[in-house]
Amino acid sequence: MTVLEDRIAMAEDSGELTLDAMFEWLEKMPVPEGYKVEIVGGNIFMSPQRRTHWQIIFNILDQLRARYARQRLMSDVRIDFPGHLNGFAADVAALAEGFEPDDRGRLRYQDVEFIAEVISKDTATNDYEPKLAAYAAAEVPAYLIVDPYTGKWHLHTLPKDGEYRGHQSLDFGYEIDLTGTVVGLVLKTDEFPRD
């Protein structure tokens, strides 16, 4: 058992396991540069940022600038979501105008208007399952999954009662119409690279 696993086990035994404690331990660990770390359902995931992955993220952020001021756009910043120990660092998060951090200086999931996750092979299940459920429970108005391996995107909208009621999937090249959501714009995907 590693030191981190030992500390987590001790915290679980004492009933003190929190996202804050887990992230505090992670900050002390030698996480390799270029890796993203998230906690999904109490499990720690590290995934490398690949060139294709970053190009898609940057493309989305660049297009969102038509509607969102730079300070309302985040990438790989911790936001805690509903469910058991969900501290996500979404690839792209767009925040509501006038958003305010909580009393600890953290972003609040209630201020998130749009999330985009670009699939990584090792953590794809998280984006399609537990994150989908957590974002729906948090009532994030629009959740976009971009999959460079299949060359498809999946848009989830209309969150209600813990699930998304609207869903659309199309190939790269087709536009993502967000005009019916609070985002209010169309994203082009013809320049999304494939892996």
# chains A, B, ... in the order shown; residues from 1 in each chain; ligands from 1
>>> residues_around(residues="region 122-139 of chain A", least_positions_apart="3", cutoff="10 Å", atoms="only C-alpha atoms", output="PyMOL selection string")
chain A and resi 40-41+45-48+80-84+86+88+90+109-119+142-147+154+156-165
>>> atom_distance(atom1="CA of Ser75 (chain A)", atom2="CA of Ala89 (chain A)")
7.1 Å
>>> residues_around(residues="Arg70 (chain A)", least_positions_apart="6", cutoff="10 Å", atoms="only C-alpha atoms", output="count of residues only")
4
>>> select_by_dssp(residues="region 13-170 of chain A", states="alpha helix (DSSP H)", output="MDAnalysis selection string")
chainID A and resid 13:14 19:28 51:64 124:128 130:137
>>> select_by_dssp(residues="region 80-175 of chain A", states="strand (DSSP E)", output="JSON, numbers by chain")
{"A": [80, 81, 86, 87, 88, 92, 93, 94, 95, 107, 108, 112, 113, 114, 115, 116, 117, 118, 142, 143, 144, 145, 146, 147, 152, 153, 154, 155, 156, 157, 158, 159, 160, 163, 164, 165, 166, 167, 168, 169, 170, 171]}
>>> closest_residue(among="A:Ala21, A:Leu185, A:Ile176, A:Leu73", to="Leu155 (chain A)", atoms="only C-alpha atoms")
A:Ile176
>>> closest_residue(among="A:Glu191, A:Pro141, A:Tyr149, A:Gln49", to="His167 (chain A)", atoms="only C-alpha atoms")
A:Pro141
